[in-house]
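Coordinates as given in final10.json (JSON, C-alpha atoms):
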```
[["chain", "number", "residue", "atom", "x", "y", "z"],
["A", 1, "MET", "CA", -43.76, -9.16, 19.85],
["A", 2, "GLU", "CA", -45.93, -6.79, 17.79],
["A", 3, "HIS", "CA", -47.91, -9.27, 15.67],
["A", 4, "ALA", "CA", -49.83, -12.48, 16.24],
["A", 5, "VAL", "CA", -47.79, -15.56, 15.42],
["A", 6, "ILE", "CA", -49.26, -18.61, 13.70],
["A", 7, "ILE", "CA", -48.31, -21.84, 15.46],
["A", 8, "ARG", "CA", -47.24, -24.18, 12.68],
["A", 9, "LYS", "CA", -48.08, -27.88, 13.03],
["A", 10, "VAL", "CA", -45.24, -29.00, 10.76],
["A", 11, "PRO", "CA", -41.67, -27.68, 10.29],
["A", 12, "THR", "CA", -41.89, -24.78, 7.84],
["A", 13, "PHE", "CA", -39.28, -23.06, 5.68],
["A", 14, "TYR", "CA", -40.25, -19.63, 4.32],
["A", 15, "PHE", "CA", -39.48, -18.00, 1.01],
["A", 16, "ILE", "CA", -39.77, -14.22, 1.38],
["A", 17, "GLY", "CA", -40.03, -12.59, -2.04],
["A", 18, "VAL", "CA", -42.34, -10.85, -4.50],
["A", 19, "THR", "CA", -43.85, -13.54, -6.74],
["A", 20, "THR", "CA", -42.90, -16.68, -4.85],
["A", 21, "THR", "CA", -45.61, -18.94, -6.29],
["A", 22, "LYS", "CA", -44.03, -18.53, -9.73],
["A", 23, "SER", "CA", -40.64, -19.77, -8.55],
["A", 24, "SER", "CA", -39.46, -23.24, -9.50],
["A", 25, "ILE", "CA", -38.40, -23.80, -5.90],
["A", 26, "MET", "CA", -42.01, -24.56, -4.98],
["A", 27, "LYS", "CA", -41.78, -27.77, -7.03],
["A", 28, "VAL", "CA", -38.15, -28.48, -6.26],
["A", 29, "PHE", "CA", -38.15, -27.97, -2.49],
["A", 30, "PRO", "CA", -40.18, -31.11, -1.59],
["A", 31, "LEU", "CA", -37.79, -33.22, -3.67],
["A", 32, "TRP", "CA", -34.72, -31.59, -2.17],
["A", 33, "VAL", "CA", -35.81, -32.06, 1.45],
["A", 34, "LYS", "CA", -36.60, -35.69, 0.71],
["A", 35, "GLU", "CA", -33.12, -36.06, -0.78],
["A", 36, "LEU", "CA", -31.64, -34.43, 2.34],
["A", 37, "GLY", "CA", -33.57, -36.65, 4.75],
["A", 38, "ARG", "CA", -36.00, -33.96, 5.92],
["A", 39, "PRO", "CA", -39.23, -34.81, 4.03],
["A", 40, "GLU", "CA", -41.39, -33.44, 6.85],
["A", 41, "VAL", "CA", -40.37, -29.83, 6.12],
["A", 42, "VAL", "CA", -42.76, -27.77, 3.96],
["A", 43, "ILE", "CA", -42.14, -24.49, 2.17],
["A", 44, "GLU", "CA", -44.38, -21.42, 2.36],
["A", 45, "GLY", "CA", -44.08, -18.30, 0.23],
["A", 46, "VAL", "CA", -44.41, -14.82, 1.71],
["A", 47, "ASP", "CA", -45.10, -12.24, -0.99],
["A", 48, "LEU", "CA", -44.30, -8.65, -0.05],
["A", 49, "LEU", "CA", -44.33, -5.48, -2.11],
["A", 50, "ILE", "CA", -41.03, -4.08, -3.30],
["A", 51, "HIS", "CA", -40.00, -1.57, -0.57],
["A", 52, "ASP", "CA", -42.87, -2.77, 1.61],
["A", 53, "THR", "CA", -43.77, -1.30, 5.01],
["A", 54, "PRO", "CA", -41.57, -2.00, 8.06],
["A", 55, "GLU", "CA", -44.66, -3.50, 9.71],
["A", 56, "ASN", "CA", -44.96, -6.21, 7.06],
["A", 57, "TYR", "CA", -41.26, -7.03, 7.24],
["A", 58, "ARG", "CA", -41.47, -7.32, 11.02],
["A", 59, "LYS", "CA", -44.51, -9.58, 10.81],
["A", 60, "ALA", "CA", -42.63, -12.00, 8.54],
["A", 61, "VAL", "CA", -39.54, -12.13, 10.75],
["A", 62, "GLU", "CA", -41.48, -12.38, 14.02],
["A", 63, "GLN", "CA", -43.25, -15.45, 12.66],
["A", 64, "ILE", "CA", -39.88, -17.17, 12.30],
["A", 65, "LYS", "CA", -38.48, -15.89, 15.58],
["A", 66, "PHE", "CA", -41.38, -16.81, 17.87],
["A", 67, "ASP", "CA", -42.77, -20.02, 16.34],
["A", 68, "ASN", "CA", -40.79, -23.17, 17.10],
["A", 69, "ASN", "CA", -41.79, -24.91, 13.87],
["A", 70, "SER", "CA", -40.80, -21.93, 11.70],
["A", 71, "LEU", "CA", -37.24, -22.93, 10.86],
["A", 72, "GLY", "CA", -35.92, -20.07, 8.77],
["A", 73, "ALA", "CA", -36.15, -18.39, 5.38],
["A", 74, "LEU", "CA", -34.54, -17.42, 2.14],
["A", 75, "VAL", "CA", -34.97, -13.72, 1.44],
["A", 76, "THR", "CA", -34.87, -12.32, -2.07],
["A", 77, "THR", "CA", -35.50, -8.76, -3.35],
["A", 78, "HIS", "CA", -36.12, -7.45, 0.20],
["A", 79, "LYS", "CA", -32.65, -8.19, 1.63],
["A", 80, "ILE", "CA", -31.82, -4.61, 2.63],
["A", 81, "ASP", "CA", -35.28, -3.30, 3.49],
["A", 82, "LEU", "CA", -36.11, -6.33, 5.63],
["A", 83, "LEU", "CA", -32.99, -6.01, 7.75],
["A", 84, "ASN", "CA", -33.44, -2.26, 8.16],
["A", 85, "ALA", "CA", -36.91, -2.91, 9.58],
["A", 86, "THR", "CA", -36.07, -5.89, 11.80],
["A", 87, "LYS", "CA", -32.45, -5.62, 12.93],
["A", 88, "ASP", "CA", -33.42, -5.53, 16.62],
["A", 89, "LEU", "CA", -35.03, -8.97, 16.31],
["A", 90, "PHE", "CA", -31.73, -10.71, 15.48],
["A", 91, "GLU", "CA", -29.29, -11.96, 18.10],
["A", 92, "TYR", "CA", -26.58, -12.58, 15.50],
["A", 93, "LEU", "CA", -25.62, -11.19, 12.07],
["A", 94, "ASP", "CA", -22.77, -12.77, 10.14],
["A", 95, "PRO", "CA", -19.86, -10.59, 8.93],
["A", 96, "TYR", "CA", -21.24, -10.17, 5.40],
["A", 97, "ALA", "CA", -24.67, -9.22, 6.76],
["A", 98, "THR", "CA", -23.05, -6.55, 8.90],
["A", 99, "LEU", "CA", -20.83, -5.33, 6.07],
["A", 100, "CYS", "CA", -23.60, -5.22, 3.45],
["A", 101, "ASN", "CA", -26.44, -4.30, 5.81],
["A", 102, "GLU", "CA", -28.61, -7.01, 4.26],
["A", 103, "ILE", "CA", -29.66, -10.60, 4.80],
["A", 104, "SER", "CA", -30.58, -13.32, 2.34],
["A", 105, "CYS", "CA", -30.93, -16.08, 4.93],
["A", 106, "ILE", "CA", -32.69, -16.32, 8.29],
["A", 107, "SER", "CA", -31.89, -19.27, 10.54],
["A", 108, "LYS", "CA", -31.95, -20.33, 14.19],
["A", 109, "SER", "CA", -29.22, -21.71, 16.42],
["A", 110, "ASP", "CA", -29.48, -22.47, 20.14],
["A", 111, "GLY", "CA", -32.51, -20.22, 20.44],
["A", 112, "ARG", "CA", -30.88, -17.32, 18.60],
["A", 113, "LEU", "CA", -32.34, -15.74, 15.48],
["A", 114, "GLU", "CA", -29.49, -15.36, 12.99],
["A", 115, "GLY", "CA", -29.18, -13.36, 9.79],
["A", 116, "HIS", "CA", -26.74, -14.19, 7.00],
["A", 117, "ALA", "CA", -25.77, -12.53, 3.74],
["A", 118, "LYS", "CA", -24.98, -15.46, 1.46],
["A", 119, "ASP", "CA", -24.84, -13.58, -1.84],
["A", 120, "PRO", "CA", -21.13, -12.63, -1.76],
["A", 121, "ILE", "CA", -20.44, -16.37, -1.53],
["A", 122, "THR", "CA", -23.05, -17.71, -3.95],
["A", 123, "VAL", "CA", -22.67, -15.03, -6.62],
["A", 124, "GLY", "CA", -18.92, -15.55, -6.29],
["A", 125, "TRP", "CA", -19.12, -19.26, -6.99],
["A", 126, "SER", "CA", -21.36, -18.59, -9.98],
["A", 127, "MET", "CA", -19.09, -15.86, -11.35],
["A", 128, "ASP", "CA", -15.92, -17.93, -10.95],
["A", 129, "ASP", "CA", -17.58, -20.74, -12.87],
["A", 130, "LEU", "CA", -18.59, -18.28, -15.59],
["A", 131, "ILE", "CA", -15.35, -16.35, -16.17],
["A", 132, "GLY", "CA", -12.58, -18.61, -14.88],
["A", 133, "VAL", "CA", -9.16, -17.51, -13.63],
["A", 134, "GLU", "CA", -7.59, -14.13, -14.48],
["A", 135, "TYR", "CA", -10.39, -13.20, -16.88],
["A", 136, "PHE", "CA", -9.82, -9.47, -16.52],
["A", 137, "LYS", "CA", -6.06, -9.75, -17.04],
["A", 138, "LYS", "CA", -6.60, -11.81, -20.18],
["A", 139, "THR", "CA", -9.34, -9.63, -21.70],
["A", 140, "GLY", "CA", -8.99, -6.14, -20.26],
["A", 141, "GLY", "CA", -12.73, -6.30, -19.68],
["A", 142, "GLU", "CA", -14.65, -4.10, -17.27],
["A", 143, "ILE", "CA", -17.91, -4.48, -15.32],
["A", 144, "LEU", "CA", -21.16, -2.69, -16.05],
["A", 145, "CYS", "CA", -23.73, -3.67, -13.44],
["A", 146, "PHE", "CA", -27.33, -2.53, -13.65],
["A", 147, "GLY", "CA", -28.66, -2.63, -10.09],
["A", 148, "ALA", "CA", -27.18, -1.63, -6.73],
["A", 149, "GLY", "CA", -29.26, -3.95, -4.57],
["A", 150, "GLY", "CA", -28.08, -7.04, -2.76],
["A", 151, "SER", "CA", -26.84, -8.98, -5.79],
["A", 152, "GLY", "CA", -25.01, -6.00, -7.25],
["A", 153, "VAL", "CA", -23.29, -5.29, -3.94],
["A", 154, "ALA", "CA", -22.40, -8.97, -3.53],
["A", 155, "THR", "CA", -20.76, -9.03, -6.95],
["A", 156, "ALA", "CA", -18.63, -6.02, -6.07],
["A", 157, "ILE", "CA", -17.54, -7.53, -2.74],
["A", 158, "HIS", "CA", -16.60, -10.81, -4.39],
["A", 159, "LEU", "CA", -14.34, -9.04, -6.88],
["A", 160, "ILE", "CA", -12.84, -6.69, -4.28],
["A", 161, "ASN", "CA", -11.86, -9.72, -2.18],
["A", 162, "LYS", "CA", -10.01, -11.40, -5.05],
["A", 163, "LYS", "CA", -6.34, -11.67, -4.05],
["A", 164, "ASN", "CA", -5.01, -12.07, -7.58],
["A", 165, "PRO", "CA", -5.04, -8.69, -9.41],
["A", 166, "GLY", "CA", -5.79, -10.53, -12.66],
["A", 167, "ASP", "CA", -9.15, -11.58, -11.20],
["A", 168, "ARG", "CA", -10.20, -7.96, -10.56],
["A", 169, "PRO", "CA", -11.43, -5.51, -13.23],
["A", 170, "ASN", "CA", -9.89, -2.07, -13.44],
["A", 171, "LYS", "CA", -13.32, -0.44, -13.71],
["A", 172, "TYR", "CA", -16.72, -1.27, -12.21],
["A", 173, "ILE", "CA", -19.69, 0.91, -13.24],
["A", 174, "VAL", "CA", -22.86, 0.66, -11.18],
["A", 175, "VAL", "CA", -26.17, 2.05, -12.44],
["A", 176, "ASN", "CA", -29.28, 2.29, -10.29],
["A", 177, "ARG", "CA", -32.68, 3.93, -10.71],
["A", 178, "SER", "CA", -32.73, 5.53, -7.24],
["A", 179, "PRO", "CA", -29.86, 7.27, -5.42],
["A", 180, "GLY", "CA", -30.19, 5.72, -1.95],
["A", 181, "ARG", "CA", -28.73, 2.32, -2.79],
["A", 182, "LEU", "CA", -25.90, 3.95, -4.75],
["A", 183, "VAL", "CA", -24.93, 6.08, -1.76],
["A", 184, "GLU", "CA", -24.88, 3.04, 0.53],
["A", 185, "MET", "CA", -22.89, 0.97, -1.95],
["A", 186, "GLU", "CA", -20.36, 3.76, -2.46],
["A", 187, "LYS", "CA", -19.81, 4.02, 1.30],
["A", 188, "LEU", "CA", -19.26, 0.28, 1.54],
["A", 189, "VAL", "CA", -16.82, 0.18, -1.37],
["A", 190, "LYS", "CA", -14.78, 3.09, 0.00],
["A", 191, "SER", "CA", -14.52, 1.35, 3.38],
["A", 192, "LEU", "CA", -12.85, -1.64, 1.67],
["A", 193, "ASN", "CA", -10.07, 0.40, -0.02],
["A", 194, "SER", "CA", -10.31, -1.46, -3.31],
["A", 195, "SER", "CA", -7.93, -1.05, -6.24],
["A", 196, "ILE", "CA", -10.97, -1.25, -8.56],
["A", 197, "HIS", "CA", -12.13, 2.12, -9.88],
["A", 198, "PHE", "CA", -15.86, 2.34, -9.13],
["A", 199, "LYS", "CA", -18.26, 4.74, -10.82],
["A", 200, "PHE", "CA", -21.81, 5.20, -9.47],
["A", 201, "ILE", "CA", -24.52, 6.51, -11.77],
["A", 202, "CYS", "CA", -28.17, 7.26, -10.93],
["A", 203, "ASN", "CA", -30.24, 6.85, -14.08],
["A", 204, "THR", "CA", -33.71, 5.76, -15.15],
["A", 205, "ASP", "CA", -33.33, 6.24, -18.91],
["A", 206, "PRO", "CA", -32.54, 2.99, -20.78],
["A", 207, "VAL", "CA", -31.17, 5.02, -23.72],
["A", 208, "LYS", "CA", -28.51, 6.46, -21.40],
["A", 209, "ASN", "CA", -27.75, 2.91, -20.30],
["A", 210, "ASP", "CA", -27.23, 2.00, -23.97],
["A", 211, "GLU", "CA", -24.66, 4.80, -24.18],
["A", 212, "LEU", "CA", -22.86, 3.55, -21.07],
["A", 213, "MET", "CA", -22.73, 0.04, -22.50],
["A", 214, "ALA", "CA", -21.34, 1.33, -25.80],
["A", 215, "GLY", "CA", -18.50, 2.99, -23.91],
["A", 216, "ILE", "CA", -17.09, -0.01, -22.08],
["A", 217, "ALA", "CA", -14.16, -2.10, -23.27],
["A", 218, "PRO", "CA", -14.41, -5.23, -25.42],
["A", 219, "GLY", "CA", -14.56, -8.35, -23.28],
["A", 220, "SER", "CA", -16.53, -6.59, -20.55],
["A", 221, "LEU", "CA", -19.16, -8.22, -18.38],
["A", 222, "VAL", "CA", -22.63, -6.63, -18.42],
["A", 223, "ILE", "CA", -24.91, -7.69, -15.56],
["A", 224, "ASN", "CA", -28.64, -7.31, -15.08],
["A", 225, "ALA", "CA", -29.06, -7.33, -11.30],
["A", 226, "THR", "CA", -32.20, -5.19, -11.32],
["A", 227, "GLY", "CA", -34.97, -7.80, -11.19],
["A", 228, "MET", "CA", -36.29, -6.36, -14.46],
["A", 229, "GLY", "CA", -37.57, -9.18, -16.62],
["A", 230, "LYS", "CA", -38.68, -11.14, -13.55],
["A", 231, "ASP", "CA", -40.14, -9.10, -10.68],
["A", 232, "VAL", "CA", -41.00, -6.13, -12.90],
["A", 233, "PRO", "CA", -41.35, -5.93, -16.70],
["A", 234, "GLY", "CA", -38.69, -4.78, -19.10],
["A", 235, "SER", "CA", -34.93, -4.44, -19.31],
["A", 236, "PRO", "CA", -32.44, -1.76, -18.18],
["A", 237, "ILE", "CA", -31.42, -1.28, -21.84],
["A", 238, "THR", "CA", -33.27, -0.81, -25.12],
["A", 239, "ASP", "CA", -33.27, -3.16, -28.08],
["A", 240, "ASN", "CA", -30.76, -0.81, -29.71],
["A", 241, "GLY", "CA", -28.17, -1.26, -26.96],
["A", 242, "LYS", "CA", -24.90, -2.74, -28.24],
["A", 243, "PHE", "CA", -23.21, -5.34, -26.07],
["A", 244, "PRO", "CA", -19.38, -5.36, -25.94],
["A", 245, "GLU", "CA", -17.50, -7.43, -28.50],
["A", 246, "LYS", "CA", -16.39, -10.81, -27.09],
["A", 247, "GLY", "CA", -17.97, -9.86, -23.78],
["A", 248, "ILE", "CA", -20.37, -11.56, -21.40],
["A", 249, "ALA", "CA", -24.03, -10.75, -20.74],
["A", 250, "TRP", "CA", -25.25, -12.17, -17.43],
["A", 251, "ASP", "CA", -28.90, -11.95, -16.45],
["A", 252, "PHE", "CA", -29.24, -12.81, -12.76],
["A", 253, "ASN", "CA", -32.83, -13.94, -13.47],
["A", 254, "TYR", "CA", -33.63, -17.44, -14.67],
["A", 255, "ARG", "CA", -37.44, -17.11, -15.00],
["A", 256, "GLY", "CA", -39.85, -14.49, -16.28],
["A", 257, "GLU", "CA", -39.76, -12.66, -19.59],
["A", 258, "LEU", "CA", -35.95, -12.31, -19.38],
["A", 259, "ASP", "CA", -35.89, -9.37, -21.80],
["A", 260, "PHE", "CA", -32.22, -8.56, -21.10],
["A", 261, "MET", "CA", -31.13, -12.13, -21.82],
["A", 262, "HIS", "CA", -33.07, -12.23, -25.09],
["A", 263, "GLN", "CA", -31.60, -8.88, -26.16],
["A", 264, "ALA", "CA", -28.14, -10.37, -25.63],
["A", 265, "LEU", "CA", -28.95, -13.61, -27.47],
["A", 266, "ARG", "CA", -30.03, -11.66, -30.55],
["A", 267, "GLN", "CA", -26.53, -10.13, -30.74],
["A", 268, "GLN", "CA", -24.61, -13.24, -29.81],
["A", 269, "GLN", "CA", -23.29, -14.30, -33.20],
["A", 270, "ASP", "CA", -22.38, -10.81, -34.36],
["A", 271, "THR", "CA", -20.47, -9.92, -31.18],
["A", 272, "GLU", "CA", -19.14, -13.36, -30.08],
["A", 273, "LEU", "CA", -21.01, -12.74, -26.84],
["A", 274, "ILE", "CA", -21.28, -15.28, -24.03],
["A", 275, "VAL", "CA", -24.79, -15.24, -22.53],
["A", 276, "GLU", "CA", -25.61, -16.60, -19.08],
["A", 277, "ASP", "CA", -28.88, -16.71, -17.16],
["A", 278, "GLY", "CA", -29.38, -17.04, -13.40],
["A", 279, "TRP", "CA", -29.93, -20.80, -13.14],
["A", 280, "LEU", "CA", -26.57, -21.64, -11.55],
["A", 281, "TYR", "CA", -26.93, -18.65, -9.22],
["A", 282, "PHE", "CA", -30.39, -19.97, -8.29],
["A", 283, "ILE", "CA", -28.97, -23.41, -7.42],
["A", 284, "HIS", "CA", -26.09, -22.04, -5.33],
["A", 285, "GLY", "CA", -28.29, -19.48, -3.61],
["A", 286, "TRP", "CA", -30.95, -21.95, -2.52],
["A", 287, "THR", "CA", -28.71, -24.85, -1.55],
["A", 288, "GLN", "CA", -26.53, -22.68, 0.68],
["A", 289, "VAL", "CA", -29.50, -21.16, 2.51],
["A", 290, "ILE", "CA", -31.10, -24.57, 3.01],
["A", 291, "ALA", "CA", -27.78, -25.88, 4.33],
["A", 292, "GLN", "CA", -27.62, -23.00, 6.82],
["A", 293, "VAL", "CA", -31.19, -23.46, 8.04],
["A", 294, "PHE", "CA", -30.83, -27.25, 8.31],
["A", 295, "HIS", "CA", -27.30, -26.99, 9.77],
["A", 296, "LEU", "CA", -25.76, -29.09, 7.00],
["A", 297, "THR", "CA", -22.53, -28.93, 5.02],
["A", 298, "LEU", "CA", -23.09, -29.46, 1.30],
["A", 299, "PHE", "CA", -20.08, -30.36, -0.84],
["A", 300, "ASN", "CA", -19.90, -30.00, -4.63],
["A", 301, "GLU", "CA", -20.98, -33.56, -5.34],
["A", 302, "ARG", "CA", -24.11, -33.12, -3.22],
["A", 303, "ILE", "CA", -24.91, -29.75, -4.79],
["A", 304, "ASN", "CA", -24.57, -31.31, -8.25],
["A", 305, "GLN", "CA", -27.00, -34.06, -7.19],
["A", 306, "LEU", "CA", -29.52, -31.45, -6.05],
["A", 307, "ALA", "CA", -29.03, -29.51, -9.29],
["A", 308, "ASN", "CA", -29.82, -32.67, -11.28],
["A", 309, "VAL", "CA", -32.97, -33.19, -9.21],
["A", 310, "ALA", "CA", -34.06, -29.62, -10.02],
["A", 311, "GLU", "CA", -33.31, -29.76, -13.75],
["A", 312, "PHE", "CA", -36.85, -30.84, -14.67],
["A", 313, "VAL", "CA", -38.29, -27.46, -13.62],
["A", 314, "ARG", "CA", -35.74, -25.33, -15.41],
["A", 315, "PRO", "CA", -37.42, -23.15, -18.03],
["A", 316, "ARG", "CA", -36.63, -24.19, -21.58],
["A", 317, "LYS", "CA", -32.99, -23.50, -22.24],
["A", 318, "GLU", "CA", -32.70, -20.91, -24.98],
["A", 319, "PRO", "CA", -30.34, -21.76, -27.86],
["A", 320, "GLY", "CA", -27.08, -19.89, -27.31],
["A", 321, "LEU", "CA", -27.03, -19.93, -23.51],
["A", 322, "ARG", "CA", -23.72, -21.04, -22.06],
["A", 323, "ARG", "CA", -25.24, -24.01, -20.24]]
```
Written as structure tokens, that's how I'd like the structure from this file.
Amino acid sequence: MEHAVIIRKVPTFYFIGVTTTKSSIMKVFPLWVKELGRPEVVIEGVDLLIHDTPENYRKAVEQIKFDNNSLGALVTTHKIDLLNATKDLFEYLDPYATLCNEISCISKSDGRLEGHAKDPITVGWSMDDLIGVEYFKKTGGEILCFGAGGSGVATAIHLINKKNPGDRPNKYIVVNRSPGRLVEMEKLVKSLNSSIHFKFICNTDPVKNDELMAGIAPGSLVINATGMGKDVPGSPITDNGKFPEKGIAWDFNYRGELDFMHQALRQQQDTELIVEDGWLYFIHGWTQVIAQVFHLTLFNERINQLANVAEFVRPRKEPGLRR
């Protein structure tokens, strides 16, 4: 153990992120744990810099590992960097964590510290709800995903694992600002021998992203998985970027300035565009991590109940959003 551990007096669940105090979960969590019969559990945010030091990641994980009242954590933004810095502290990593080399959930079981990658499951449920069955067969649409971090990788894995060819796009374009994540994602995709044609592009110029978006097929799905508009300002595209006709714009964020979502909403009527924010993804992501940490099984009816409890903190729903 490298760092001093704080001995918590009450059971504590951690939220490891960037701007955790701004998240709606801080208001929702006390209501959810009461609903789940665990009102004694409190939530504590741990704000770390994007690409923080290994020392800070280790400090956060050691707190959970060595304090009995530190139950576990949801990890956002830092999923890859945190695991790279702390892998030796875990006794177990689930198959998706090993495959993706990331964790979104930290839990304990029989004295073991466990890491889980929940995103391929939670982003999958959200996407299936959004596009339905055989969307790509029906539309001929493609995927343009801005961001090669945990959520972008999870989206790719979910689609690769689809057994029905009609549920898989022919083309999946990934754009990221730095090359490292692209290299790792490309290695992962190649190891899975997918029928989807992947293209990996390193780019920081939003005008070039506009050009990429203009070149994809009608009916395509454009995803903002960058954190831009929430953790950092801006959007991966400019206001001049043209969304695909009869396509879908999905911003994985549900709070913040949401520039990408608003850019899409301004084009909605002209392009017959479906626009989705990250609220459903937020609900699935949090409920599944809480279930893992508390060792619960949550069925759809229970998740819907928790979603209804959380509705009061949802930012004002913009006219034109799908839900």
Near Asn203 in chain A, counting only C-alpha atoms, which residues have an atom at most 9 Å away, once you skip same-chain residues fewer than 3 positions from it, shown as a PyMOL selection string?
-> chain A and resi 175-179+206+208-209
For range 115-124 of chain A, work out the shell of residues within 7 Å, counting only C-alpha atoms and skipping chain neighbours fewer than 2 positions away, then give it as a list in words.
-> Phe90, Tyr92, Leu93, Asp94, Tyr96, Ala97, Glu102, Ile103, Ser104, Cys105, Ile106, Ser107, Leu113, Ser126, Met127, Asp128, Ser151, Ala154, Thr155, Ile157, His158, Tyr281, His284 and Gly285 of chain A
Show me as a ChimeraX atom specification the residues that reach within 10 Å of (-23.4, 2.3, -25.6), counting all atoms listed in the file and using the file's own coordinates.
-> /A:207-216,237,240-244
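CA of Val313 in chain A to CA of Ile25 in chain A spans 8.5 Å [interatomic distance, one decimal].
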Go through A:Ile303, A:Val189, A:Val222, A:Ile16 and flag the residue nearest Gly72 in chain A, using all atoms listed in the file for the distances.
->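 Distance minimum relative to Gly72 in chain A lands on A:Ile16.
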So which residues touch Ile43 in chain A within 6 Å, counting all atoms listed in the file, skipping near sequence neighbours fewer than 5 positions away, as a ChimeraX atom specification?
-> /A:12-14
